[in-house]
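What follows is the content of my_file-v2.pdb (PDB, C-alpha atoms).
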```pdb
ATOM      1  CA  SER A   1     -18.922  -7.638  13.136  1.00  0.00           C
ATOM      2  CA  GLY A   2     -18.523 -11.132  11.785  1.00  0.00           C
ATOM      3  CA  LEU A   3     -17.869  -9.753   8.306  1.00  0.00           C
ATOM      4  CA  PHE A   4     -14.700  -8.074   9.599  1.00  0.00           C
ATOM      5  CA  TYR A   5     -13.288 -11.418  10.750  1.00  0.00           C
ATOM      6  CA  VAL A   6     -14.256 -13.090   7.473  1.00  0.00           C
ATOM      7  CA  GLY A   7     -12.507 -10.237   5.635  1.00  0.00           C
ATOM      8  CA  LEU A   8      -9.414 -10.643   7.826  1.00  0.00           C
ATOM      9  CA  VAL A   9      -9.219 -14.380   7.078  1.00  0.00           C
ATOM     10  CA  LEU A  10      -9.716 -13.676   3.366  1.00  0.00           C
ATOM     11  CA  LEU A  11      -6.915 -11.095   3.512  1.00  0.00           C
ATOM     12  CA  CYS A  12      -4.531 -13.718   4.904  1.00  0.00           C
ATOM     13  CA  VAL A  13      -5.612 -16.245   2.268  1.00  0.00           C
ATOM     14  CA  ALA A  14      -5.248 -13.655  -0.510  1.00  0.00           C
ATOM     15  CA  THR A  15      -1.787 -12.636   0.706  1.00  0.00           C
ATOM     16  CA  TYR A  16      -0.657 -16.254   0.594  1.00  0.00           C
ATOM     17  CA  PHE A  17      -2.172 -16.873  -2.857  1.00  0.00           C
ATOM     18  CA  ILE A  18      -0.692 -13.720  -4.366  1.00  0.00           C
ATOM     19  CA  THR A  19       2.801 -14.426  -3.040  1.00  0.00           C
ATOM     20  CA  VAL A  20       2.906 -18.044  -4.253  1.00  0.00           C
ATOM     21  CA  GLU A  21       5.703 -18.480  -6.767  1.00  0.00           C
ATOM     22  CA  ASN A  22       4.422 -18.592 -10.345  1.00  0.00           C
ATOM     23  CA  LYS A  23       5.793 -21.719 -12.001  1.00  0.00           C
ATOM     24  CA  ASN A  24       4.385 -20.708 -15.422  1.00  0.00           C
ATOM     25  CA  ALA A  25       6.245 -17.396 -15.667  1.00  0.00           C
ATOM     26  CA  ASN A  26       9.086 -16.988 -18.116  1.00  0.00           C
ATOM     27  CA  LYS A  27      12.298 -17.863 -16.359  1.00  0.00           C
ATOM     28  CA  PRO A  28      14.553 -14.820 -15.912  1.00  0.00           C
ATOM     29  CA  LYS A  29      18.183 -14.971 -16.975  1.00  0.00           C
ATOM     30  CA  GLU A  30      19.283 -14.575 -13.365  1.00  0.00           C
ATOM     31  CA  PRO A  31      17.958 -16.886 -10.685  1.00  0.00           C
ATOM     32  CA  LYS A  32      15.242 -15.151  -8.724  1.00  0.00           C
ATOM     33  CA  PRO A  33      15.532 -15.332  -4.951  1.00  0.00           C
ATOM     34  CA  LYS A  34      12.800 -17.447  -3.411  1.00  0.00           C
ATOM     35  CA  ARG A  35      10.183 -15.558  -1.496  1.00  0.00           C
ATOM     36  CA  LYS A  36       9.634 -16.864   1.978  1.00  0.00           C
ATOM     37  CA  PHE A  37       7.218 -16.042   4.710  1.00  0.00           C
ATOM     38  CA  ASN A  38       9.331 -15.147   7.700  1.00  0.00           C
ATOM     39  CA  VAL A  39       8.836 -13.339  10.979  1.00  0.00           C
ATOM     40  CA  LYS A  40      10.404 -10.103   9.704  1.00  0.00           C
ATOM     41  CA  TRP A  41       8.114 -10.006   6.650  1.00  0.00           C
ATOM     42  CA  ILE A  42       5.028 -10.750   8.761  1.00  0.00           C
ATOM     43  CA  CYS A  43       6.009  -8.003  11.248  1.00  0.00           C
ATOM     44  CA  PHE A  44       6.469  -5.396   8.523  1.00  0.00           C
ATOM     45  CA  ILE A  45       3.275  -6.265   6.653  1.00  0.00           C
ATOM     46  CA  SER A  46       1.382  -6.146   9.971  1.00  0.00           C
ATOM     47  CA  ILE A  47       2.841  -2.723  10.768  1.00  0.00           C
ATOM     48  CA  ALA A  48       1.871  -1.463   7.296  1.00  0.00           C
ATOM     49  CA  PHE A  49      -1.650  -2.886   7.699  1.00  0.00           C
ATOM     50  CA  VAL A  50      -2.189  -1.242  11.105  1.00  0.00           C
ATOM     51  CA  ALA A  51      -0.527   2.059  10.121  1.00  0.00           C
ATOM     52  CA  ASN A  52      -2.641   2.357   6.982  1.00  0.00           C
ATOM     53  CA  GLY A  53      -5.774   1.736   9.041  1.00  0.00           C
ATOM     54  CA  PHE A  54      -4.798   4.378  11.583  1.00  0.00           C
ATOM     55  CA  CYS A  55      -4.039   6.845   8.786  1.00  0.00           C
ATOM     56  CA  SER A  56      -7.566   6.393   7.457  1.00  0.00           C
ATOM     57  CA  ILE A  57      -9.090   6.706  10.933  1.00  0.00           C
ATOM     58  CA  ILE A  58      -7.122   9.872  11.737  1.00  0.00           C
ATOM     59  CA  GLN A  59      -7.988  11.529   8.397  1.00  0.00           C
ATOM     60  CA  THR A  60     -11.688  10.789   8.841  1.00  0.00           C
ATOM     61  CA  ALA A  61     -11.762  11.849  12.502  1.00  0.00           C
ATOM     62  CA  GLU A  62      -9.927  15.103  11.755  1.00  0.00           C
ATOM     63  CA  GLN A  63     -12.274  16.001   8.934  1.00  0.00           C
ATOM     64  CA  ASN A  64     -15.361  15.179  11.030  1.00  0.00           C
ATOM     65  CA  LYS A  65     -14.061  17.083  14.076  1.00  0.00           C
ATOM     66  CA  CYS A  66     -12.926  20.168  12.132  1.00  0.00           C
ATOM     67  CA  ASP A  67     -15.959  20.366   9.818  1.00  0.00           C
ATOM     68  CA  GLY A  68     -13.877  19.727   6.706  1.00  0.00           C
ATOM     69  CA  LEU A  69     -11.272  22.399   7.465  1.00  0.00           C
ATOM     70  CA  TYR A  70      -7.477  22.201   7.860  1.00  0.00           C
ATOM     71  CA  LYS A  71      -6.889  19.509   5.219  1.00  0.00           C
ATOM     72  CA  ASN A  72      -3.694  21.098   3.942  1.00  0.00           C
ATOM     73  CA  GLU A  73      -2.301  21.736   7.415  1.00  0.00           C
ATOM     74  CA  LEU A  74      -2.827  18.113   8.467  1.00  0.00           C
ATOM     75  CA  MET A  75      -1.184  16.825   5.299  1.00  0.00           C
ATOM     76  CA  ILE A  76       1.789  19.185   5.539  1.00  0.00           C
ATOM     77  CA  ILE A  77       2.472  18.232   9.158  1.00  0.00           C
ATOM     78  CA  ALA A  78       2.037  14.488   8.494  1.00  0.00           C
ATOM     79  CA  LEU A  79       4.243  14.493   5.387  1.00  0.00           C
ATOM     80  CA  LEU A  80       6.881  16.643   7.113  1.00  0.00           C
ATOM     81  CA  ILE A  81       7.032  14.202  10.038  1.00  0.00           C
ATOM     82  CA  SER A  82       7.302  11.283   7.595  1.00  0.00           C
ATOM     83  CA  ALA A  83      10.073  12.990   5.632  1.00  0.00           C
ATOM     84  CA  VAL A  84      12.105  13.776   8.760  1.00  0.00           C
ATOM     85  CA  VAL A  85      11.712  10.267  10.204  1.00  0.00           C
ATOM     86  CA  LEU A  86      12.633   8.582   6.916  1.00  0.00           C
ATOM     87  CA  LEU A  87      15.617  10.913   6.390  1.00  0.00           C
ATOM     88  CA  LEU A  88      16.932  10.127   9.864  1.00  0.00           C
ATOM     89  CA  LEU A  89      16.441   6.387   9.341  1.00  0.00           C
ATOM     90  CA  SER A  90      18.232   6.601   5.981  1.00  0.00           C
ATOM     91  CA  LEU A  91      21.153   8.498   7.486  1.00  0.00           C
ATOM     92  CA  ILE A  92      21.441   5.944  10.287  1.00  0.00           C
ATOM     93  CA  LEU A  93      20.735   2.665   8.478  1.00  0.00           C
ATOM     94  CA  GLU A  94      21.868   3.364   4.909  1.00  0.00           C
ATOM     95  CA  ARG A  95      24.625   5.917   5.236  1.00  0.00           C
ATOM     96  CA  LYS A  96      27.002   3.901   3.010  1.00  0.00           C
ATOM     97  CA  GLU A  97      24.531   3.523   0.135  1.00  0.00           C
ATOM     98  CA  ILE A  98      22.805   6.903   0.423  1.00  0.00           C
ATOM     99  CA  LYS A  99      25.228   8.829  -1.781  1.00  0.00           C
ATOM    100  CA  GLY A 100      24.660   6.654  -4.866  1.00  0.00           C
ATOM    101  CA  GLY A 101      20.886   6.695  -4.638  1.00  0.00           C
ATOM    102  CA  ILE A 102      20.143  10.343  -3.952  1.00  0.00           C
ATOM    103  CA  LYS A 103      19.440  11.411  -7.563  1.00  0.00           C
ATOM    104  CA  GLN A 104      17.265   8.426  -8.370  1.00  0.00           C
ATOM    105  CA  SER A 105      15.412   8.506  -5.056  1.00  0.00           C
ATOM    106  CA  PHE A 106      14.832  12.255  -5.324  1.00  0.00           C
ATOM    107  CA  ALA A 107      13.136  11.918  -8.720  1.00  0.00           C
ATOM    108  CA  PHE A 108      11.061   8.836  -7.866  1.00  0.00           C
ATOM    109  CA  GLY A 109      10.425  10.040  -4.324  1.00  0.00           C
ATOM    110  CA  SER A 110       9.129  13.394  -5.547  1.00  0.00           C
ATOM    111  CA  ILE A 111       6.747  11.751  -7.997  1.00  0.00           C
ATOM    112  CA  SER A 112       5.596   9.248  -5.391  1.00  0.00           C
ATOM    113  CA  GLY A 113       5.163  11.982  -2.795  1.00  0.00           C
ATOM    114  CA  LEU A 114       3.128  14.074  -5.217  1.00  0.00           C
ATOM    115  CA  PHE A 115       0.755  11.186  -5.956  1.00  0.00           C
ATOM    116  CA  ASN A 116       0.556  10.325  -2.250  1.00  0.00           C
ATOM    117  CA  GLY A 117      -0.348  13.922  -1.414  1.00  0.00           C
ATOM    118  CA  VAL A 118      -3.013  14.068  -4.137  1.00  0.00           C
ATOM    119  CA  LEU A 119      -4.492  10.761  -2.935  1.00  0.00           C
ATOM    120  CA  ASN A 120      -4.625  11.911   0.683  1.00  0.00           C
ATOM    121  CA  LEU A 121      -6.169  15.238  -0.318  1.00  0.00           C
ATOM    122  CA  CYS A 122      -8.828  13.406  -2.342  1.00  0.00           C
ATOM    123  CA  VAL A 123      -9.498  11.123   0.656  1.00  0.00           C
ATOM    124  CA  MET A 124     -10.008  14.090   2.965  1.00  0.00           C
ATOM    125  CA  TYR A 125     -12.378  15.778   0.525  1.00  0.00           C
ATOM    126  CA  SER A 126     -14.236  12.492  -0.042  1.00  0.00           C
ATOM    127  CA  VAL A 127     -14.919  11.744   3.627  1.00  0.00           C
ATOM    128  CA  ASN A 128     -16.755  15.065   3.856  1.00  0.00           C
ATOM    129  CA  PHE A 129     -19.246  14.040   1.178  1.00  0.00           C
ATOM    130  CA  LEU A 130     -19.373  10.226   1.294  1.00  0.00           C
ATOM    131  CA  ASN A 131     -19.573   7.633   4.027  1.00  0.00           C
ATOM    132  CA  ALA A 132     -16.146   6.298   5.085  1.00  0.00           C
ATOM    133  CA  SER A 133     -17.440   2.750   4.552  1.00  0.00           C
ATOM    134  CA  ILE A 134     -17.713   3.605   0.853  1.00  0.00           C
ATOM    135  CA  VAL A 135     -14.588   5.759   0.451  1.00  0.00           C
ATOM    136  CA  PHE A 136     -11.993   3.394   1.895  1.00  0.00           C
ATOM    137  CA  PRO A 137     -13.062   0.188   0.115  1.00  0.00           C
ATOM    138  CA  LEU A 138     -13.067   2.146  -3.149  1.00  0.00           C
ATOM    139  CA  ILE A 139      -9.556   3.438  -2.485  1.00  0.00           C
ATOM    140  CA  SER A 140      -8.211   0.071  -1.335  1.00  0.00           C
ATOM    141  CA  GLY A 141      -9.881  -1.899  -4.112  1.00  0.00           C
ATOM    142  CA  GLY A 142      -8.919   0.714  -6.680  1.00  0.00           C
ATOM    143  CA  GLY A 143      -5.296   0.578  -5.523  1.00  0.00           C
ATOM    144  CA  LEU A 144      -5.256  -3.211  -5.843  1.00  0.00           C
ATOM    145  CA  VAL A 145      -6.778  -3.112  -9.308  1.00  0.00           C
ATOM    146  CA  LEU A 146      -4.443  -0.345 -10.483  1.00  0.00           C
ATOM    147  CA  THR A 147      -1.354  -2.145  -9.158  1.00  0.00           C
ATOM    148  CA  PHE A 148      -2.478  -5.386 -10.781  1.00  0.00           C
ATOM    149  CA  ILE A 149      -3.083  -3.711 -14.153  1.00  0.00           C
ATOM    150  CA  ILE A 150       0.185  -1.744 -14.111  1.00  0.00           C
ATOM    151  CA  ALA A 151       2.189  -4.855 -13.215  1.00  0.00           C
ATOM    152  CA  ARG A 152       0.495  -6.845 -15.977  1.00  0.00           C
ATOM    153  CA  ILE A 153       0.661  -4.229 -18.750  1.00  0.00           C
ATOM    154  CA  PHE A 154       3.813  -2.205 -18.091  1.00  0.00           C
ATOM    155  CA  PHE A 155       5.993  -4.753 -16.307  1.00  0.00           C
ATOM    156  CA  LYS A 156       4.689  -7.792 -18.236  1.00  0.00           C
ATOM    157  CA  GLU A 157       4.019  -9.666 -15.009  1.00  0.00           C
ATOM    158  CA  LYS A 158       2.770 -13.206 -15.610  1.00  0.00           C
ATOM    159  CA  TYR A 159       0.266 -14.441 -13.059  1.00  0.00           C
ATOM    160  CA  SER A 160      -0.699 -18.004 -12.268  1.00  0.00           C
ATOM    161  CA  THR A 161      -4.296 -19.086 -11.763  1.00  0.00           C
ATOM    162  CA  VAL A 162      -3.724 -19.144  -8.000  1.00  0.00           C
ATOM    163  CA  GLN A 163      -2.479 -15.547  -8.111  1.00  0.00           C
ATOM    164  CA  TYR A 164      -5.566 -14.449 -10.081  1.00  0.00           C
ATOM    165  CA  ILE A 165      -7.722 -16.146  -7.450  1.00  0.00           C
ATOM    166  CA  GLY A 166      -5.706 -14.363  -4.718  1.00  0.00           C
ATOM    167  CA  PHE A 167      -6.329 -11.049  -6.465  1.00  0.00           C
ATOM    168  CA  GLY A 168     -10.086 -11.676  -6.518  1.00  0.00           C
ATOM    169  CA  VAL A 169     -10.085 -12.793  -2.880  1.00  0.00           C
ATOM    170  CA  SER A 170      -8.123  -9.670  -1.882  1.00  0.00           C
ATOM    171  CA  ILE A 171     -10.768  -7.397  -3.390  1.00  0.00           C
ATOM    172  CA  ALA A 172     -13.496  -9.313  -1.530  1.00  0.00           C
ATOM    173  CA  SER A 173     -11.506  -9.048   1.706  1.00  0.00           C
ATOM    174  CA  VAL A 174     -11.079  -5.276   1.342  1.00  0.00           C
ATOM    175  CA  VAL A 175     -14.815  -4.833   0.879  1.00  0.00           C
ATOM    176  CA  LEU A 176     -15.653  -7.062   3.888  1.00  0.00           C
ATOM    177  CA  LEU A 177     -13.074  -5.346   6.114  1.00  0.00           C
ATOM    178  CA  ASN A 178     -14.648  -1.989   5.414  1.00  0.00           C
ATOM    179  CA  LEU A 179     -18.325  -2.909   5.882  1.00  0.00           C
TER     180      LEU A 179
END
```

What would you get if you wrote out this structure as structure tokens?
Amino acid sequence: SGLFYVGLVLLCVATYFITVENKNANKPKEPKPKRKFNVKWICFISIAFVANGFCSIIQTAEQNKCDGLYKNELMIIALLISAVVLLLLSLILERKEIKGGIKQSFAFGSISGLFNGVLNLCVMYSVNFLNASIVFPLISGGGLVLTFIIARIFFKEKYSTVQYIGFGVSIASVVLLNL
């Protein structure tokens, strides 16, 4: 519908606003590298956008097709495939740095994987009881809000007015994209 295209435009606007450098932030002791929009960044954010959408579609379709059964099996297979692919990519692309980061990545990766699994399980239970057009905007908007709050409170992130506006626009875009 037309709301989807409005949401897509708002998503692009929000992404630009949120990534604008904050001139009011406290200057770090080390110079921060400038963030730039480049082709590589746009490709990766596009892949993440499409992959996340397909993940939601597949979860919903599987739960509708299988009458709410086989949640655990789908998650185990999907997470196993992800783990194998990422391990292979790490061994190929980061073989020199992999030894130093194994302990740290194991701890943080395990915690992240646990939360990811719980989120996906909750999504699959939710699509059985609620309309997908309600579930996914709540998850997306909730993730944005949670990330924003954690960055502000725990990491003392300072946002500019433009970044606050971008945050608000991003929530509106998520809702419009999922209507």

Taking the file as I've supplied it (selection: the PyMOL selection byres ((chain A and resi 129-137) around 8)), which residues are included? Please answer as a JSON list (two decimals) with C-alpha atoms, keeping the file's coordinate frame.
```
[["chain", "number", "residue", "atom", "x", "y", "z"],
["A", 56, "SER", "CA", -7.57, 6.39, 7.46],
["A", 60, "THR", "CA", -11.69, 10.79, 8.84],
["A", 123, "VAL", "CA", -9.50, 11.12, 0.66],
["A", 125, "TYR", "CA", -12.38, 15.78, 0.52],
["A", 126, "SER", "CA", -14.24, 12.49, -0.04],
["A", 127, "VAL", "CA", -14.92, 11.74, 3.63],
["A", 128, "ASN", "CA", -16.76, 15.06, 3.86],
["A", 138, "LEU", "CA", -13.07, 2.15, -3.15],
["A", 139, "ILE", "CA", -9.56, 3.44, -2.48],
["A", 140, "SER", "CA", -8.21, 0.07, -1.34],
["A", 141, "GLY", "CA", -9.88, -1.90, -4.11],
["A", 142, "GLY", "CA", -8.92, 0.71, -6.68],
["A", 174, "VAL", "CA", -11.08, -5.28, 1.34],
["A", 175, "VAL", "CA", -14.82, -4.83, 0.88],
["A", 178, "ASN", "CA", -14.65, -1.99, 5.41],
["A", 179, "LEU", "CA", -18.32, -2.91, 5.88]]
```

| query | Which residue out of A:Leu8, A:Cys66, A:Val145, A:Ala61 has the minimum interatomic distance to Ser46 of chain A when only C-alpha atoms are used? | reply |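 Closest to Ser46 of chain A of all the choices is A:Leu8.
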
| task | Just say which residues the PyMOL selection byres ((chain A and resi 12) around 12) picks in this file, as a PyMOL selection string. | result | chain A and resi 5-11+13-19+37+42+45-46+49+166-167+169-170+172-174

| Hey, can you check how far atom CA of Val118 of chain A sits from atom CA of Val85 of chain A? |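 So the answer is 20.9 Å.
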
| message | Can you tell me which residues surround segment 100-113 of chain A at a distance of at most 10 Å, considering all atoms listed in the file, apart from same-chain residues fewer than 4 positions away, and format the answer as a ChimeraX atom specification? | response | /A:79,83,96,117-119

| request: Pick out the residues sitting within 9 Å of segment 68-71 of chain A, and hand them over as a list in words; count only C-alpha atoms, and ignore anything fewer than 2 positions along from it in its own chain. | output: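 In the requested form, the answer reads Gln59, Glu62, Gln63, Asn64, Lys65, Cys66, Glu73, Leu74, Met75, Ile76, Leu121, Met124, Tyr125, Val127 and Asn128 of chain A.
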
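For the pair atom CA of Cys55 of chain A and atom CA of Ile171 of chain A, the separation is 19.9 Å.
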
Reconstruct N, CA, C and O atoms of segment 142-164 of chain A; output as an mmCIF file, keeping the file's coordinate frame.
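Output file rebuild.cif follows:
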```cif
data_model
loop_
_atom_site.group_PDB
_atom_site.id
_atom_site.type_symbol
_atom_site.label_atom_id
_atom_site.label_comp_id
_atom_site.auth_asym_id
_atom_site.auth_seq_id
_atom_site.Cartn_x
_atom_site.Cartn_y
_atom_site.Cartn_z
ATOM 1 N N GLY A 142 -9.474 0.037 -5.509
ATOM 2 C CA GLY A 142 -8.919 0.714 -6.680
ATOM 3 C C GLY A 142 -7.402 0.616 -6.736
ATOM 4 O O GLY A 142 -6.819 0.425 -7.801
ATOM 5 N N GLY A 143 -6.751 0.726 -5.574
ATOM 6 C CA GLY A 143 -5.296 0.578 -5.523
ATOM 7 C C GLY A 143 -4.849 -0.818 -5.923
ATOM 8 O O GLY A 143 -3.866 -0.977 -6.657
ATOM 9 N N LEU A 144 -5.580 -1.831 -5.461
ATOM 10 C CA LEU A 144 -5.256 -3.211 -5.843
ATOM 11 C C LEU A 144 -5.413 -3.413 -7.344
ATOM 12 O O LEU A 144 -4.540 -3.992 -8.002
ATOM 13 N N VAL A 145 -6.519 -2.947 -7.882
ATOM 14 C CA VAL A 145 -6.778 -3.112 -9.308
ATOM 15 C C VAL A 145 -5.737 -2.371 -10.137
ATOM 16 O O VAL A 145 -5.191 -2.913 -11.100
ATOM 17 N N LEU A 146 -5.429 -1.136 -9.745
ATOM 18 C CA LEU A 146 -4.443 -0.345 -10.483
ATOM 19 C C LEU A 146 -3.054 -0.998 -10.443
ATOM 20 O O LEU A 146 -2.375 -1.088 -11.472
ATOM 21 N N THR A 147 -2.648 -1.466 -9.281
ATOM 22 C CA THR A 147 -1.354 -2.145 -9.158
ATOM 23 C C THR A 147 -1.316 -3.391 -10.024
ATOM 24 O O THR A 147 -0.331 -3.656 -10.723
ATOM 25 N N PHE A 148 -2.379 -4.159 -9.989
ATOM 26 C CA PHE A 148 -2.478 -5.386 -10.781
ATOM 27 C C PHE A 148 -2.356 -5.081 -12.271
ATOM 28 O O PHE A 148 -1.598 -5.718 -12.995
ATOM 29 N N ILE A 149 -3.090 -4.068 -12.730
ATOM 30 C CA ILE A 149 -3.083 -3.711 -14.153
ATOM 31 C C ILE A 149 -1.722 -3.165 -14.580
ATOM 32 O O ILE A 149 -1.195 -3.545 -15.632
ATOM 33 N N ILE A 150 -1.138 -2.303 -13.772
ATOM 34 C CA ILE A 150 0.185 -1.744 -14.111
ATOM 35 C C ILE A 150 1.232 -2.847 -14.179
ATOM 36 O O ILE A 150 2.051 -2.877 -15.100
ATOM 37 N N ALA A 151 1.220 -3.754 -13.212
ATOM 38 C CA ALA A 151 2.189 -4.855 -13.215
ATOM 39 C C ALA A 151 2.009 -5.729 -14.454
ATOM 40 O O ALA A 151 2.988 -6.176 -15.063
ATOM 41 N N ARG A 152 0.785 -5.972 -14.830
ATOM 42 C CA ARG A 152 0.495 -6.845 -15.977
ATOM 43 C C ARG A 152 0.861 -6.171 -17.295
ATOM 44 O O ARG A 152 1.483 -6.771 -18.157
ATOM 45 N N ILE A 153 0.472 -4.906 -17.465
ATOM 46 C CA ILE A 153 0.661 -4.229 -18.750
ATOM 47 C C ILE A 153 2.073 -3.668 -18.908
ATOM 48 O O ILE A 153 2.748 -3.935 -19.896
ATOM 49 N N PHE A 154 2.536 -2.897 -17.934
ATOM 50 C CA PHE A 154 3.813 -2.205 -18.091
ATOM 51 C C PHE A 154 5.018 -3.068 -17.738
ATOM 52 O O PHE A 154 6.081 -2.925 -18.327
ATOM 53 N N PHE A 155 4.869 -3.937 -16.745
ATOM 54 C CA PHE A 155 5.993 -4.753 -16.307
ATOM 55 C C PHE A 155 5.898 -6.185 -16.800
ATOM 56 O O PHE A 155 6.710 -7.024 -16.433
ATOM 57 N N LYS A 156 4.876 -6.473 -17.613
ATOM 58 C CA LYS A 156 4.689 -7.792 -18.236
ATOM 59 C C LYS A 156 4.694 -8.924 -17.208
ATOM 60 O O LYS A 156 5.213 -10.008 -17.460
ATOM 61 N N GLU A 157 4.109 -8.662 -16.064
ATOM 62 C CA GLU A 157 4.019 -9.666 -15.009
ATOM 63 C C GLU A 157 3.117 -10.801 -15.469
ATOM 64 O O GLU A 157 2.052 -10.579 -16.028
ATOM 65 N N LYS A 158 3.561 -12.020 -15.271
ATOM 66 C CA LYS A 158 2.770 -13.206 -15.610
ATOM 67 C C LYS A 158 2.218 -13.772 -14.314
ATOM 68 O O LYS A 158 2.966 -14.057 -13.386
ATOM 69 N N TYR A 159 0.909 -13.924 -14.266
ATOM 70 C CA TYR A 159 0.266 -14.441 -13.059
ATOM 71 C C TYR A 159 -0.205 -15.867 -13.278
ATOM 72 O O TYR A 159 -0.645 -16.227 -14.364
ATOM 73 N N SER A 160 -0.148 -16.655 -12.219
ATOM 74 C CA SER A 160 -0.699 -18.004 -12.268
ATOM 75 C C SER A 160 -2.180 -17.928 -11.916
ATOM 76 O O SER A 160 -2.681 -16.899 -11.450
ATOM 77 N N THR A 161 -2.875 -19.025 -12.111
ATOM 78 C CA THR A 161 -4.296 -19.086 -11.763
ATOM 79 C C THR A 161 -4.502 -18.808 -10.286
ATOM 80 O O THR A 161 -5.431 -18.097 -9.896
ATOM 81 N N VAL A 162 -3.621 -19.349 -9.451
ATOM 82 C CA VAL A 162 -3.724 -19.144 -8.000
ATOM 83 C C VAL A 162 -3.564 -17.659 -7.667
ATOM 84 O O VAL A 162 -4.264 -17.131 -6.800
ATOM 85 N N GLN A 163 -2.674 -16.967 -8.354
ATOM 86 C CA GLN A 163 -2.479 -15.547 -8.111
ATOM 87 C C GLN A 163 -3.697 -14.728 -8.562
ATOM 88 O O GLN A 163 -4.070 -13.753 -7.904
ATOM 89 N N TYR A 164 -4.326 -15.117 -9.664
ATOM 90 C CA TYR A 164 -5.566 -14.449 -10.081
ATOM 91 C C TYR A 164 -6.658 -14.651 -9.032
ATOM 92 O O TYR A 164 -7.405 -13.727 -8.709
#
```
